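Listing of data38.txt; format and content: compact mmCIF, C-alpha atoms.
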# COMPACT_ATOMS: atom_id res chain seq x y z
CA MET A 1 -96.64 75.42 26.19
CA VAL A 2 -93.95 78.11 26.30
CA LEU A 3 -92.95 78.75 29.87
CA LEU A 4 -94.36 81.94 31.37
CA LEU A 5 -90.97 82.73 32.85
CA ALA A 6 -89.55 82.88 29.36
CA LEU A 7 -92.47 84.92 28.07
CA ARG A 8 -92.38 87.47 30.86
CA GLY A 9 -88.66 87.66 31.45
CA GLU A 10 -86.63 85.97 34.16
CA PRO A 11 -87.48 87.32 37.62
CA ALA A 12 -85.02 87.79 40.43
CA PRO A 13 -84.05 84.54 42.17
CA ALA A 14 -86.49 83.42 44.82
CA GLY A 15 -85.28 83.40 48.39
CA GLU A 16 -84.83 80.33 50.53
CA GLY A 17 -88.12 78.51 50.99
CA GLU A 18 -89.72 80.44 48.12
CA ARG A 19 -90.60 79.60 44.54
CA TRP A 20 -92.00 81.49 41.60
CA ILE A 21 -95.52 80.31 40.73
CA ALA A 22 -97.51 81.81 37.88
CA ALA A 23 -100.48 83.91 39.02
CA GLY A 24 -102.91 86.17 37.21
CA THR A 25 -105.94 88.26 38.13
CA ALA A 26 -108.89 89.95 36.47
CA LYS A 27 -112.19 91.53 37.46
CA VAL A 28 -115.29 92.21 35.39
CA ASP A 29 -118.15 94.57 36.21
CA ILE A 30 -121.47 92.69 36.40
CA THR A 31 -123.55 95.56 37.79
CA PRO A 32 -127.14 95.34 36.43
CA GLU A 33 -128.02 97.64 33.56
CA GLU A 34 -131.79 97.32 33.76
CA PRO A 35 -134.41 97.27 36.54
CA ILE A 36 -134.33 94.02 38.48
CA ARG A 37 -135.33 92.82 41.92
CA LEU A 38 -132.51 92.32 44.40
CA SER A 39 -132.13 89.01 46.22
CA GLY A 40 -131.43 88.26 49.87
CA TYR A 41 -134.71 89.39 51.43
CA GLY A 42 -137.94 87.71 50.36
CA ASN A 43 -140.24 90.67 51.02
CA ARG A 44 -138.75 92.78 48.25
CA VAL A 45 -141.24 93.56 45.50
CA GLU A 46 -139.68 96.49 43.61
CA PRO A 47 -136.56 96.74 41.42
CA PHE A 48 -133.46 98.30 42.96
CA GLU A 49 -133.48 102.06 43.41
CA SER A 50 -129.86 102.89 42.64
CA VAL A 51 -126.31 101.55 42.38
CA VAL A 52 -124.32 102.60 45.44
CA GLN A 53 -121.46 100.17 44.81
CA LYS A 54 -120.76 98.12 41.70
CA VAL A 55 -120.74 94.33 41.85
CA TRP A 56 -118.03 92.22 40.24
CA ALA A 57 -116.79 88.83 39.11
CA ARG A 58 -113.16 88.49 40.19
CA ALA A 59 -110.78 85.72 39.16
CA LEU A 60 -107.44 84.45 40.41
CA ALA A 61 -105.48 81.93 38.33
CA ILE A 62 -102.61 80.03 39.94
CA GLY A 63 -100.18 77.71 38.17
CA GLU A 64 -98.74 77.26 34.74
CA GLU A 65 -99.12 73.91 32.98
CA ASN A 66 -102.20 72.81 34.94
CA PRO A 67 -103.56 75.96 36.63
CA VAL A 68 -106.41 76.36 39.07
CA VAL A 69 -108.88 79.22 38.77
CA LEU A 70 -110.94 80.71 41.60
CA VAL A 71 -113.80 83.05 40.70
CA SER A 72 -115.50 85.12 43.42
CA VAL A 73 -118.79 86.80 42.52
CA ASP A 74 -120.76 89.51 44.33
CA THR A 75 -124.08 87.66 44.42
CA VAL A 76 -126.27 85.80 46.88
CA ALA A 77 -125.43 82.55 45.02
CA ILE A 78 -123.94 81.52 41.70
CA PRO A 79 -126.49 79.38 39.83
CA VAL A 80 -125.38 75.80 39.22
CA PRO A 81 -125.93 76.09 35.44
CA VAL A 82 -123.66 79.14 35.41
CA CYS A 83 -120.94 77.24 37.28
CA GLU A 84 -121.20 74.17 35.07
CA ASN A 85 -121.43 76.08 31.79
CA ALA A 86 -118.43 78.21 32.75
CA ALA A 87 -116.46 75.13 33.83
CA ALA A 88 -117.33 73.35 30.58
CA ALA A 89 -116.16 76.33 28.50
CA LEU A 90 -112.87 76.52 30.41
CA ALA A 91 -112.43 72.77 29.96
CA ARG A 92 -112.84 73.13 26.18
CA GLU A 93 -110.62 76.17 25.87
CA TYR A 94 -107.87 75.42 28.42
CA HIS A 95 -108.29 71.69 29.11
CA LEU A 96 -109.00 72.44 32.76
CA PRO A 97 -110.67 69.55 34.63
CA ARG A 98 -113.70 70.44 36.74
CA ASP A 99 -111.71 70.07 39.97
CA ARG A 100 -109.35 72.87 38.86
CA VAL A 101 -112.05 75.56 38.74
CA ALA A 102 -113.90 76.88 41.82
CA PHE A 103 -116.75 79.39 41.95
CA ALA A 104 -117.59 81.19 45.21
CA ALA A 105 -120.31 83.73 46.03
CA THR A 106 -119.83 86.56 48.53
CA HIS A 107 -123.51 86.09 49.41
CA THR A 108 -124.28 89.79 49.46
CA HIS A 109 -127.99 90.42 50.04
CA THR A 110 -127.96 93.56 47.87
CA ALA A 111 -127.20 92.16 44.42
CA PRO A 112 -129.65 91.12 41.69
CA HIS A 113 -131.57 87.89 42.05
CA PRO A 114 -129.30 85.61 40.01
CA SER A 115 -131.58 82.96 38.52
CA ARG A 116 -135.01 81.36 38.57
CA THR A 117 -133.23 78.20 39.82
CA VAL A 118 -131.72 79.87 42.91
CA LEU A 119 -134.09 80.27 45.87
CA PRO A 120 -136.96 79.35 43.51
CA THR A 121 -139.71 79.87 46.12
CA PHE A 122 -138.11 82.81 47.94
CA PHE A 123 -140.34 85.76 47.18
CA LYS A 124 -143.86 86.23 48.44
CA GLU A 125 -144.68 88.03 45.20
CA VAL A 126 -144.02 85.70 42.27
CA PHE A 127 -142.09 87.20 39.36
CA THR A 128 -144.09 88.58 36.47
CA GLU A 129 -142.98 87.29 33.08
CA ASP A 130 -141.10 90.55 32.42
CA GLU A 131 -139.34 90.26 35.78
CA ALA A 132 -138.43 86.63 35.11
CA ARG A 133 -136.95 87.53 31.72
CA ALA A 134 -134.84 90.25 33.39
CA VAL A 135 -133.52 87.62 35.80
CA ASP A 136 -132.69 85.33 32.87
CA ARG A 137 -130.75 88.13 31.18
CA TYR A 138 -128.83 88.87 34.36
CA GLU A 139 -127.95 85.19 34.74
CA GLN A 140 -126.44 85.32 31.26
CA ARG A 141 -124.59 88.53 32.13
CA MET A 142 -123.12 86.80 35.18
CA LEU A 143 -121.98 83.82 33.10
CA GLU A 144 -120.32 86.08 30.55
CA GLY A 145 -118.64 88.10 33.30
CA ILE A 146 -117.31 84.98 35.03
CA LEU A 147 -115.90 83.61 31.79
CA LYS A 148 -114.30 86.92 30.84
CA ALA A 149 -112.69 87.25 34.27
CA ALA A 150 -111.38 83.67 34.19
CA ARG A 151 -109.98 83.99 30.68
CA GLU A 152 -108.27 87.28 31.46
CA ALA A 153 -106.82 85.97 34.71
CA LEU A 154 -105.32 83.02 32.81
CA ALA A 155 -103.94 85.37 30.14
CA ASN A 156 -102.50 87.71 32.79
CA ARG A 157 -100.42 85.08 34.59
CA GLN A 158 -96.87 86.09 35.47
CA PRO A 159 -94.24 84.84 37.92
CA ALA A 160 -95.32 85.53 41.49
CA LYS A 161 -94.44 84.64 45.04
CA LEU A 162 -97.40 83.25 46.97
CA SER A 163 -97.75 83.27 50.73
CA TRP A 164 -100.49 83.04 53.30
CA ALA A 165 -101.29 83.82 56.92
CA GLU A 166 -104.24 83.68 59.29
CA GLY A 167 -105.57 86.48 61.46
CA SER A 168 -108.95 87.33 62.91
CA ALA A 169 -111.78 89.86 62.93
CA ASN A 170 -114.45 90.07 65.58
CA PHE A 171 -117.52 91.67 63.99
CA ALA A 172 -119.22 88.33 63.19
CA GLY A 173 -121.74 87.32 65.86
CA ASN A 174 -123.89 84.22 66.18
CA ARG A 175 -127.43 85.27 65.28
CA ARG A 176 -129.46 82.38 66.68
CA VAL A 177 -131.22 83.36 69.91
CA ILE A 178 -131.89 80.19 71.92
CA THR A 179 -134.31 79.99 74.84
CA ASP A 180 -134.81 76.73 76.74
CA GLY A 181 -133.00 74.88 73.99
CA LYS A 182 -135.13 76.22 71.13
CA TRP A 183 -134.64 78.91 68.50
CA THR A 184 -136.70 82.00 69.30
CA GLY A 185 -135.54 84.43 66.65
CA PHE A 186 -132.67 86.42 65.18
CA GLY A 187 -130.47 88.58 67.37
CA LEU A 188 -127.07 88.29 69.00
CA ASN A 189 -126.17 85.12 70.88
CA PRO A 190 -122.86 85.83 72.65
CA ASP A 191 -122.59 82.18 73.67
CA GLY A 192 -123.29 80.76 70.22
CA PRO A 193 -120.61 79.30 67.95
CA VAL A 194 -118.80 81.74 65.67
CA ASP A 195 -115.58 81.53 63.66
CA HIS A 196 -113.50 84.72 63.74
CA ARG A 197 -110.56 83.40 61.70
CA LEU A 198 -109.47 85.51 58.73
CA PRO A 199 -107.13 83.68 56.33
CA LEU A 200 -105.19 85.66 53.70
CA LEU A 201 -103.45 84.62 50.48
CA CYS A 202 -101.04 87.15 48.95
CA ALA A 203 -99.39 87.14 45.52
CA LYS A 204 -96.48 89.49 44.76
CA ASP A 205 -94.80 90.06 41.41
CA ALA A 206 -91.09 90.08 40.56
CA SER A 207 -90.80 93.69 41.74
CA GLY A 208 -92.31 92.88 45.13
CA ASN A 209 -95.60 94.60 44.36
CA VAL A 210 -98.82 93.03 45.60
CA VAL A 211 -100.74 91.47 42.70
CA ALA A 212 -103.60 89.81 44.57
CA LEU A 213 -105.06 89.71 48.07
CA LEU A 214 -107.56 86.93 48.77
CA ALA A 215 -109.18 87.02 52.20
CA GLY A 216 -111.87 84.87 53.80
CA TYR A 217 -114.27 85.43 56.68
CA ALA A 218 -117.20 83.42 58.04
CA CYS A 219 -120.02 85.94 58.19
CA HIS A 220 -123.15 86.84 56.26
CA CYS A 221 -123.03 89.91 54.04
CA THR A 222 -126.15 91.29 55.72
CA THR A 223 -125.03 94.59 57.18
CA LEU A 224 -127.55 96.14 54.81
CA GLY A 225 -131.19 95.22 55.37
CA PRO A 226 -134.33 94.81 53.26
CA LYS A 227 -134.96 98.57 53.23
CA ASP A 228 -131.55 99.15 51.63
CA ASN A 229 -132.83 98.54 48.10
CA HIS A 230 -129.55 99.53 46.46
CA VAL A 231 -126.98 97.47 44.55
CA HIS A 232 -124.03 97.00 46.90
CA GLY A 233 -121.44 94.39 47.86
CA ASP A 234 -121.98 94.89 51.62
CA TRP A 235 -118.94 94.50 53.91
CA ALA A 236 -117.18 92.20 51.42
CA GLY A 237 -117.40 94.82 48.67
CA CYS A 238 -116.13 97.49 51.06
CA ALA A 239 -113.23 95.27 52.19
CA VAL A 240 -112.15 94.78 48.59
CA GLU A 241 -112.34 98.52 47.89
CA ALA A 242 -110.19 99.23 50.95
CA MET A 243 -107.58 96.60 50.02
CA GLU A 244 -107.33 97.90 46.48
CA ARG A 245 -107.08 101.49 47.69
CA GLU A 246 -104.15 100.53 49.90
CA HIS A 247 -102.46 98.58 47.08
CA PRO A 248 -103.07 100.35 43.74
CA GLY A 249 -102.92 97.94 40.83
CA ALA A 250 -103.64 94.90 42.99
CA MET A 251 -106.91 92.97 42.98
CA GLY A 252 -108.71 92.15 46.20
CA MET A 253 -111.04 89.18 46.63
CA ILE A 254 -113.31 88.02 49.43
CA ILE A 255 -114.64 84.51 49.94
CA ILE A 256 -117.04 83.50 52.73
CA GLY A 257 -116.42 80.75 55.26
CA CYS A 258 -118.79 78.62 57.31
CA GLY A 259 -120.78 81.44 58.85
CA ALA A 260 -124.35 80.88 57.77
CA ASP A 261 -125.49 81.32 61.37
CA ALA A 262 -123.47 84.53 61.82
CA ASN A 263 -124.42 88.12 61.03
CA PRO A 264 -122.33 91.29 61.19
CA ASN A 265 -122.56 92.94 64.57
CA PRO A 266 -123.73 95.63 64.56
CA ARG A 267 -125.88 95.62 61.43
CA GLY A 268 -128.74 97.63 59.98
CA GLY A 269 -126.71 100.84 59.97
CA GLY A 270 -126.57 101.25 56.22
CA VAL A 271 -123.65 101.73 53.89
CA GLU A 272 -121.45 103.45 56.47
CA GLN A 273 -121.68 100.46 58.79
CA ALA A 274 -120.85 98.10 55.92
CA ARG A 275 -117.83 100.28 55.17
CA GLN A 276 -116.69 100.04 58.80
CA HIS A 277 -116.82 96.24 58.73
CA GLY A 278 -114.98 96.19 55.41
CA GLU A 279 -112.30 98.47 56.81
CA THR A 280 -111.92 96.07 59.75
CA VAL A 281 -111.13 93.26 57.33
CA ALA A 282 -108.74 95.43 55.31
CA ALA A 283 -106.94 96.58 58.47
CA GLU A 284 -106.37 92.97 59.50
CA VAL A 285 -105.05 92.20 56.01
CA GLU A 286 -102.53 95.03 56.42
CA ARG A 287 -101.51 93.76 59.84
CA LEU A 288 -100.88 90.31 58.41
CA LEU A 289 -98.90 91.72 55.49
CA GLY A 290 -96.65 93.50 57.98
CA GLY A 291 -95.84 90.23 59.70
CA THR A 292 -94.47 86.88 58.59
CA LEU A 293 -96.43 85.02 55.92
CA LYS A 294 -95.85 81.37 55.15
CA PRO A 295 -94.61 80.72 51.60
CA ILE A 296 -96.50 78.53 49.15
CA THR A 297 -93.97 76.75 46.95
CA VAL A 298 -96.09 74.24 45.01
CA GLU A 299 -99.06 74.27 42.70
CA PRO A 300 -102.07 72.44 44.15
CA GLU A 301 -103.42 68.98 43.67
CA SER A 302 -107.21 69.00 43.38
CA VAL A 303 -110.31 66.85 43.76
CA PHE A 304 -114.05 67.40 43.29
CA THR A 305 -116.81 65.24 44.77
CA HIS A 306 -120.33 65.34 46.20
CA ALA A 307 -121.94 64.40 49.50
CA SER A 308 -125.46 62.96 49.52
CA LEU A 309 -127.11 64.59 52.54
CA PRO A 310 -130.28 62.86 53.77
CA LEU A 311 -133.65 64.60 54.18
CA ARG A 312 -136.34 63.29 56.53
CA ASP A 313 -140.13 63.06 56.31
CA VAL A 314 -140.17 63.78 52.58
CA PRO A 315 -143.82 64.45 51.56
CA ASP A 316 -145.72 62.27 49.11
CA ARG A 317 -148.11 63.56 46.44
CA ALA A 318 -151.09 63.75 48.79
CA ALA A 319 -149.12 65.82 51.30
CA LEU A 320 -147.85 68.10 48.55
CA GLU A 321 -151.37 68.61 47.20
CA ALA A 322 -152.48 69.68 50.67
CA MET A 323 -149.49 72.03 51.00
CA ALA A 324 -150.30 73.57 47.63
CA GLN A 325 -153.51 74.97 49.16
CA SER A 326 -151.62 76.73 51.95
CA GLU A 327 -152.22 80.42 52.58
CA ASP A 328 -148.45 80.66 53.02
CA SER A 329 -147.40 81.83 49.53
CA GLN A 330 -143.91 80.34 49.64
CA GLU A 331 -145.10 77.03 51.11
CA ALA A 332 -147.68 76.72 48.33
CA GLN A 333 -145.09 77.60 45.68
CA ARG A 334 -142.75 74.92 47.01
CA ALA A 335 -145.47 72.28 46.89
CA ARG A 336 -146.43 73.21 43.33
CA LEU A 337 -142.76 73.02 42.32
CA HIS A 338 -142.50 69.40 43.43
CA LEU A 339 -145.91 68.45 42.09
CA ALA A 340 -144.77 69.69 38.69
CA GLY A 341 -141.70 67.51 39.07
CA LEU A 342 -143.83 64.47 39.81
CA ASP A 343 -145.94 65.21 36.75
CA ASP A 344 -142.73 65.18 34.70
CA GLY A 345 -141.74 61.81 36.13
CA LYS A 346 -139.18 63.18 38.62
CA PRO A 347 -139.40 61.78 42.15
CA VAL A 348 -139.34 64.14 45.10
CA PRO A 349 -135.67 64.38 46.18
CA ARG A 350 -134.70 62.52 49.33
CA THR A 351 -131.17 63.88 49.49
CA VAL A 352 -129.35 67.12 48.78
CA GLU A 353 -126.29 66.63 46.59
CA LEU A 354 -123.65 68.99 47.95
CA PRO A 355 -120.44 69.69 46.00
CA LEU A 356 -117.07 69.63 47.76
CA GLN A 357 -113.74 70.63 46.26
CA PHE A 358 -110.27 70.45 47.78
CA TRP A 359 -107.06 72.13 46.64
CA ARG A 360 -103.95 70.88 48.42
CA PHE A 361 -100.72 72.85 48.24
CA ARG A 362 -98.81 69.90 49.69
CA ASP A 363 -98.65 70.46 53.48
CA GLU A 364 -98.43 74.23 53.09
CA LEU A 365 -102.15 74.93 52.68
CA GLY A 366 -105.39 73.07 52.06
CA MET A 367 -108.35 74.98 50.61
CA LEU A 368 -111.73 73.25 51.02
CA PHE A 369 -114.68 74.63 49.06
CA LEU A 370 -118.15 73.59 50.25
CA GLY A 371 -121.47 74.16 48.57
CA GLY A 372 -124.39 75.56 50.51
CA GLU A 373 -124.94 77.97 53.37
CA VAL A 374 -122.80 76.06 55.86
CA VAL A 375 -123.12 76.95 59.55
CA SER A 376 -120.10 77.69 61.71
CA GLY A 377 -120.12 74.36 63.54
CA TYR A 378 -118.55 72.56 60.59
CA GLY A 379 -115.54 74.83 60.34
CA LEU A 380 -115.04 74.82 64.09
CA THR A 381 -115.26 71.02 64.25
CA LEU A 382 -112.57 70.58 61.60
CA ARG A 383 -110.35 73.07 63.38
CA ARG A 384 -110.66 71.02 66.59
CA GLU A 385 -109.97 67.77 64.75
CA PHE A 386 -107.06 69.11 62.70
CA PRO A 387 -105.55 71.79 64.96
CA ASP A 388 -102.09 71.62 63.38
CA ARG A 389 -103.17 71.49 59.74
CA PRO A 390 -103.36 74.60 57.53
CA VAL A 391 -107.01 74.32 56.47
CA TRP A 392 -108.98 77.17 54.86
CA ILE A 393 -112.70 76.45 54.45
CA THR A 394 -114.98 78.37 52.11
CA ALA A 395 -118.76 77.89 51.77
CA TYR A 396 -121.20 79.18 49.11
CA SER A 397 -119.07 77.42 46.48
CA ASN A 398 -120.14 75.75 43.23
CA ALA A 399 -123.78 75.41 44.36
CA VAL A 400 -126.01 76.85 47.09
CA PRO A 401 -128.92 74.39 47.39
CA CYS A 402 -129.88 75.40 50.96
CA TYR A 403 -128.57 75.91 54.47
CA ILE A 404 -126.44 73.08 55.87
CA PRO A 405 -127.25 72.86 59.61
CA THR A 406 -125.62 70.76 62.29
CA ALA A 407 -127.52 68.13 64.28
CA GLN A 408 -127.63 70.61 67.19
CA ILE A 409 -129.27 73.29 65.05
CA LEU A 410 -131.80 70.74 63.82
CA LYS A 411 -132.60 69.96 67.44
CA GLU A 412 -133.02 73.65 68.26
CA GLY A 413 -135.11 74.28 65.14
CA GLY A 414 -135.71 77.68 63.62
CA TYR A 415 -134.75 79.44 60.44
CA GLU A 416 -131.55 77.69 59.37
CA ALA A 417 -133.07 74.28 60.13
CA GLU A 418 -136.63 74.71 58.89
CA ARG A 419 -138.06 77.83 57.27
CA SER A 420 -135.08 78.41 54.99
CA MET A 421 -135.74 75.04 53.32
CA VAL A 422 -139.04 76.44 52.08
CA TYR A 423 -137.31 79.38 50.43
CA TYR A 424 -134.79 77.10 48.75
CA GLY A 425 -137.55 74.86 47.44
CA GLN A 426 -136.26 71.82 49.31
CA PRO A 427 -139.10 69.36 50.03
CA ALA A 428 -138.22 68.66 53.68
CA ILE A 429 -135.73 69.37 56.44
CA PHE A 430 -132.52 67.43 56.96
CA ASP A 431 -132.16 64.24 58.92
CA PRO A 432 -129.78 64.71 61.91
CA ALA A 433 -127.39 62.33 60.13
CA VAL A 434 -126.54 65.24 57.82
CA GLU A 435 -123.73 66.40 60.10
CA GLU A 436 -121.79 63.17 60.37
CA THR A 437 -122.44 62.40 56.69
CA LEU A 438 -120.89 65.67 55.57
CA LEU A 439 -118.05 65.61 58.08
CA LYS A 440 -117.02 62.15 56.88
CA VAL A 441 -116.79 63.31 53.26
CA MET A 442 -114.85 66.39 54.36
CA ARG A 443 -112.40 64.33 56.40
CA ASP A 444 -111.94 61.83 53.57
CA LEU A 445 -110.79 64.63 51.25
CA PHE A 446 -107.82 65.29 53.50
CA PRO A 447 -104.65 63.26 52.88
CA ALA A 448 -104.17 60.19 55.03
CA GLU A 449 -101.10 61.66 56.73
CA TRP A 450 -103.23 64.54 58.00
CA ARG A 451 -105.54 62.21 59.91
Show me the file's structure as structure tokens.
Amino acid sequence: MVLLLALRGEPAPAGEGERWIAAGTAKVDITPEEPIRLSGYGNRVEPFESVVQKVWARALAIGEENPVVLVSVDTVAIPVPVCENAAAALAREYHLPRDRVAFAATHTHTAPHPSRTVLPTFFKEVFTEDEARAVDRYEQRMLEGILKAAREALANRQPAKLSWAEGSANFAGNRRVITDGKWTGFGLNPDGPVDHRLPLLCAKDASGNVVALLAGYACHCTTLGPKDNHVHGDWAGCAVEAMEREHPGAMGMIIIGCGADANPNPRGGGVEQARQHGETVAAEVERLLGGTLKPITVEPESVFTHASLPLRDVPDRAALEAMAQSEDSQEAQRARLHLAGLDDGKPVPRTVELPLQFWRFRDELGMLFLGGEVVSGYGLTLRREFPDRPVWITAYSNAVPCYIPTAQILKEGGYEAERSMVYYGQPAIFDPAVEETLLKVMRDLFPAEWR
């Protein structure tokens, strides 16, 4: 391979503690072009009314001979077949191993439902065949957009200086209202766990211009509610717009941390409120850029694995047949889904296979990508255990099979522990051993000298 430095021209010498690392960006519009139901809220029955903000697939490629590629998509979840088909295509075309490609959803609740395989028993009103075919077409559009963004980001690589910093934003609030030790509904729990950290990765070109701004925050994109039946990226989309407005020619990206039990506070105030939260993120990005960022001087090592997370009280055929008669539409759909699997010779799953991916930029930065809707307790626990290590955790990555609760949330019960498993089509709730099982796999991904 001809060196990018030779192709692009020799940049100015890097300063002390800095190094030129190839980086490229691209974004592709994946806004729906036909009527389709939006995801995120299960009581939606009509196609979206309008497009208030476009939705995108955005890609950042880092490295030269053996690059990594991160793709962030404005969607509630990226379907596993889309991730795997995109990864397979990039492996064929660029010889990229699976561990070198990461896919992360912003989890906006105002984007098209992405696939029949994502939240398969989510809606009370089952898709008509025409609606299902529209979802299939959008899934293909997403795949094509992801691949186009990744390919263009790889083609656009040029010498860059990478650096990172960590700030905070305070609009995320724990949403689990607990009374006498039990979940009683959604609201604002000022005493509940929440992660306000806001990490930032910046890439600048040889002229000192910002090329890419990648920020993370652990909060649902649910400023907009079920009555906001408009295509929109929520606060994440607004944050990206604000970052790109401040830095013309640069690409902004948002990835979501372990905040599945956190909502924006306040919320329900429509597009203007989403814009305010996005501006909060963008303002913190600007504050960090005005300070001292830590240089990244190496390309990352990478690893990809899975954790087998145990379920408990998995139903047998008789129990599923009884559930299939339920007046609860989604409960009945879930039972029929697993009965069909049994008829095809597939046992009812007893574990959830959760993907984990780790990119290590030596001791300068570690980026951990977790599948699933991971609650804040996991990120906070790792921060307590590794207080001096530069760890950036992203959820909603590579697969979103369900919520990933802690043992405490399972004890408290409620949506993240119980009802959400129905919507995701999972046959049962997690065993309390889920927390220690996942934490062990997470810890084991870190280098021995970090522990």
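Taking CA of Lys411 in chain A and CA of Glu385 in chain A as the two end points, the separation is 22.9 Å.
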Excluding same-chain residues fewer than 3 positions from Asp74 in chain A, what lies within 8 Å of it counting all atoms listed in the file, as an mmCIF file with C-alpha atoms, in the frame of the given file?
data_model
loop_
_atom_site.group_PDB
_atom_site.id
_atom_site.type_symbol
_atom_site.label_atom_id
_atom_site.label_comp_id
_atom_site.auth_asym_id
_atom_site.auth_seq_id
_atom_site.Cartn_x
_atom_site.Cartn_y
_atom_site.Cartn_z
ATOM 1 C CA VAL A 55 -120.740 94.330 41.850
ATOM 2 C CA TRP A 56 -118.030 92.220 40.240
ATOM 3 C CA ALA A 57 -116.790 88.830 39.110
ATOM 4 C CA ALA A 105 -120.310 83.730 46.030
ATOM 5 C CA THR A 106 -119.830 86.560 48.530
ATOM 6 C CA HIS A 107 -123.510 86.090 49.410
ATOM 7 C CA THR A 108 -124.280 89.790 49.460
ATOM 8 C CA ALA A 111 -127.200 92.160 44.420
ATOM 9 C CA GLY A 233 -121.440 94.390 47.860
ATOM 10 C CA GLY A 237 -117.400 94.820 48.670
#
Using only C-alpha atoms, the best pick from A:Val422, A:Pro248, A:Arg197, A:Gly24 as closest to Ala165 in chain A would be A:Arg197
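Distances here use all atoms listed in the file; by that measure, the residue among A:Ala322, A:Leu288, A:Leu38, A:Ile62 closest to Gly225 in chain A is A:Leu38.
Residue neighbourhood of range 344-359 of chain A, excluding near-sequence residues (fewer than 4 positions): Asp99, Pro300, Glu301, Ser302, Val303, Phe304, Thr305, His306, Ala307, Ser308, Leu309, Pro310, Leu311, Val314, His338, Ala340, Gly366, Met367, Leu368, Phe369, Leu370, Gly371, Asn398, Ala399 and Leu445 of chain A, at 7 Å, using all atoms listed in the file.
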Between A:Gln140, A:Ser207, A:Gln276, A:Ser326, smallest distance to Ile30 in chain A by all atoms listed in the file belongs to A:Gln140
Min atom-atom distance to Ala332 in chain A from the set A:Ser376, A:Asn209, A:Thr121, A:Asn156, counting all atoms listed in the file, belongs to A:Thr121
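The smallest atom-to-atom distance between Thr75 in chain A and any of A:Asp191, A:Asp234, A:Glu331, A:Glu436, using all atoms listed in the file, is found for A:Asp234.
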Residues within 10 Å of Glu139 in chain A, all atoms listed in the file, excluding chain neighbours under 3 positions, as a PDB file with C-alpha atoms, in the frame of the given file:
ATOM      1  CA  ILE A  78    -123.940  81.520  41.700  1.00  0.00           C
ATOM      2  CA  PRO A  79    -126.490  79.380  39.830  1.00  0.00           C
ATOM      3  CA  PRO A  81    -125.930  76.090  35.440  1.00  0.00           C
ATOM      4  CA  VAL A  82    -123.660  79.140  35.410  1.00  0.00           C
ATOM      5  CA  PRO A 112    -129.650  91.120  41.690  1.00  0.00           C
ATOM      6  CA  HIS A 113    -131.570  87.890  42.050  1.00  0.00           C
ATOM      7  CA  PRO A 114    -129.300  85.610  40.010  1.00  0.00           C
ATOM      8  CA  SER A 115    -131.580  82.960  38.520  1.00  0.00           C
ATOM      9  CA  ARG A 116    -135.010  81.360  38.570  1.00  0.00           C
ATOM     10  CA  ARG A 133    -136.950  87.530  31.720  1.00  0.00           C
ATOM     11  CA  ALA A 134    -134.840  90.250  33.390  1.00  0.00           C
ATOM     12  CA  VAL A 135    -133.520  87.620  35.800  1.00  0.00           C
ATOM     13  CA  ASP A 136    -132.690  85.330  32.870  1.00  0.00           C
ATOM     14  CA  MET A 142    -123.120  86.800  35.180  1.00  0.00           C
ATOM     15  CA  LEU A 143    -121.980  83.820  33.100  1.00  0.00           C
ATOM     16  CA  GLU A 144    -120.320  86.080  30.550  1.00  0.00           C
ATOM     17  CA  GLY A 145    -118.640  88.100  33.300  1.00  0.00           C
TER      18      GLY A 145
END
Handout entry: Near-His196 in chain A list (9 Å; all atoms listed in the file; drop same-chain fewer than 6 positions) as a PyMOL selection string
Key = chain A and resi 167-173+217-219
Can you write just those residues out, C-alpha atoms, as a compact mmCIF listing (two decimals), keeping the file's coordinate frame?
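selection.txt was written with the following content:
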# COMPACT_ATOMS: atom_id res chain seq x y z
CA GLY A 167 -105.57 86.48 61.46
CA SER A 168 -108.95 87.33 62.91
CA ALA A 169 -111.78 89.86 62.93
CA ASN A 170 -114.45 90.07 65.58
CA PHE A 171 -117.52 91.67 63.99
CA ALA A 172 -119.22 88.33 63.19
CA GLY A 173 -121.74 87.32 65.86
CA TYR A 217 -114.27 85.43 56.68
CA ALA A 218 -117.20 83.42 58.04
CA CYS A 219 -120.02 85.94 58.19
Of A:Thr117, A:Ser72, A:Asn43, A:Thr184, the one nearest to Gly252 in chain A when counting all atoms listed in the file is A:Ser72
CA of Cys202 in chain A sits from CA of Pro159 in chain A at a separation of 13.2 Å
Correct to one decimal, the distance CA of Val69 in chain A-CA of Glu246 in chain A is 24.5 Å
Output, as AutoDock Vina command-line options, the centre and edge lengths in Å (one decimal) of the axis-aligned box that contains all listed atoms of range 213-232 of chain A with 6 Å of margin on each side.
--center_x -120.0 --center_y 91.5 --center_z 51.4 --size_x 41.9 --size_y 28.1 --size_z 25.6
